[in-house]
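Notes for the one structure printed next.
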Amino acid sequence: MKEAKVLFIAQEITPYLPESEISRICRYLPQGIQDRGHEIRTFMPKYGSINERRNQLHEVIRLSGMNLIIDDTDHPLIIKVASIQSARMQVYFIDNDDYFQRSADGVAEEAMRPDNDERSIFFVRGVMETVKKLRWTPDIIHCHGWITALAPLYIKKSYSEDPSFRDAKVIYSLYNNDFKVPFDPRFAEKLKLEGIQDSDLPFAEGDSVDPVTLNKLAVQYCDGVIQGSQNINTEITDYVQQLNIPFLGYQDPENYIDAYNDFYSQIIGNE
């Protein structure tokens, strides 16, 4: 693949959170893609369990300061950054006192939050707005984890004419990692932005949105899908096949970076 700009939107990254399948991939995949000659940016939520002093996070004033309106309420967007020195890699953190600064014991507890619907909306929209401020135009946007599942919808509908996103190809990785509390029945109304109609969603206001439904929404607006976990819900993979979306099956941990790199090249070539 010729030199490309790749945006990674990650649910979790080690060493900022404990090691897991997602956190390991989202730590080493960006480094591997960068080592292969590509330009990267990486984002994750600033969960309350992340120690800012130990991990040397600091606020990026020029990127912070705007408010995102969710359910008629203003929520300040705070952007922080830290570096993984051994990888020569920066990580941007999306932060907000209402959604991400409460004490938490880690990812397992995060999955139990009753406001995970709004946290997902805030995180994804925060990434979109920050990338715009960076004046950066990714060729590939690779989303990891359920909290990123709204990114394909927003990119293809609400940000489809924005210079930062209109030509980007979106890839979503499917993992055996789910939230545990169904989203608020008003989720369909909360997530709407300009460009999103009722007909664009596979669920309506009042419907219970579970992980399978949310993953199907992500897949619906993707240019490619990757099976990140060895075992995932077959209902979702059947849906990928039904939509005839380019699909990369599960890859061995020793070889996945080259396989993902080749898949990126395939997706960029799909005009």
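A note on labels: chains of the structure tokens are A, B, ... as shown, every chain counts residues from 1, and ligands are counted from 1 in their shown order.
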
For Leu29 in chain A, find every residue with an atom within 12 Å (counting only C-alpha atoms), except residues of its own chain fewer than 2 positions away, and show them as number ranges by chain.
A: 6-10, 13-14, 21-27, 31-36, 38, 40-42, 87, 89, 142-144, 228, 253-261

Residues of range 141-202 of chain A at most 12 Å from range 60-80 of chain A: nearest atom pair and distance in Å, only C-alpha atoms, as a tab-separated table:
```
residue	atom	partner	partner_atom	distance
A:Asp184	CA	A:Asp71	CA	11.7
A:Arg186	CA	A:Asp71	CA	9.3
A:Phe187	CA	A:Asp71	CA	9.5
A:Ala188	CA	A:Asp71	CA	10.9
A:Glu189	CA	A:Asp71	CA	8.2
A:Lys190	CA	A:Asp71	CA	5.5
A:Leu191	CA	A:Ile70	CA	7.7
A:Lys192	CA	A:Ile70	CA	9.3
A:Leu193	CA	A:Ile70	CA	9.8
```

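Counting only C-alpha atoms and comparing A:Glu59, A:Ile196, A:Ile232, A:Ser164, the residue that lies closest to Leu134 in chain A is A:Ser164.
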
Ranking A:Pro185, A:Glu12, A:Lys133, A:Met44 by minimum distance to Glu205 in chain A and counting only C-alpha atoms, which one comes first?
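Using only C-alpha atoms, Glu205 in chain A sits closest to A:Pro185.
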
Please provide the set of residues having any atom within 9 Å of Tyr99 in chain A, restricted to only C-alpha atoms, with same-chain residues fewer than 2 positions apart removed, written as an MDAnalysis selection string.
chainID A and resid 47 75 95:97 101:102 115:116 118:119 122

Among the residues of range 1-190 of chain A, find those DSSP assigns to helix (DSSP H, G or I) from the backbone and print them as a PyMOL selection string.
chain A and resi 21-35+52-55+85-87+97-100+107-110+116-134+146-148+151-158+187-190

I need the residues in range 110-208 of chain A that are strand (DSSP E or B) according to DSSP; give them as a PyMOL selection string.
chain A and resi 140-144+169-174+183

Write the selection just made, keeping C-alpha atoms, as an mmCIF file, in the first residue's frame?
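The result, stored in out10.cif:
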```cif
data_model
loop_
_atom_site.group_PDB
_atom_site.id
_atom_site.type_symbol
_atom_site.label_atom_id
_atom_site.label_comp_id
_atom_site.auth_asym_id
_atom_site.auth_seq_id
_atom_site.Cartn_x
_atom_site.Cartn_y
_atom_site.Cartn_z
ATOM 1 C CA ILE A 140 -8.591 4.896 6.311
ATOM 2 C CA ILE A 141 -10.569 5.121 9.558
ATOM 3 C CA HIS A 142 -10.340 1.913 11.593
ATOM 4 C CA CYS A 143 -12.789 1.572 14.515
ATOM 5 C CA HIS A 144 -12.262 -0.863 17.409
ATOM 6 C CA LYS A 169 -12.821 4.528 3.867
ATOM 7 C CA VAL A 170 -14.210 3.134 7.129
ATOM 8 C CA ILE A 171 -13.295 -0.249 8.604
ATOM 9 C CA TYR A 172 -14.896 -1.736 11.714
ATOM 10 C CA SER A 173 -13.365 -4.555 13.753
ATOM 11 C CA LEU A 174 -15.765 -6.992 15.406
ATOM 12 C CA PHE A 183 -28.969 1.519 25.635
#
```

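If you look at CA of Gly145 in chain A and CA of Tyr175 in chain A, they are 6.7 Å away from each other.
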
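Coordinates place CA of Gly126 in chain A at a distance of 14.2 Å from CA of Phe165 in chain A.
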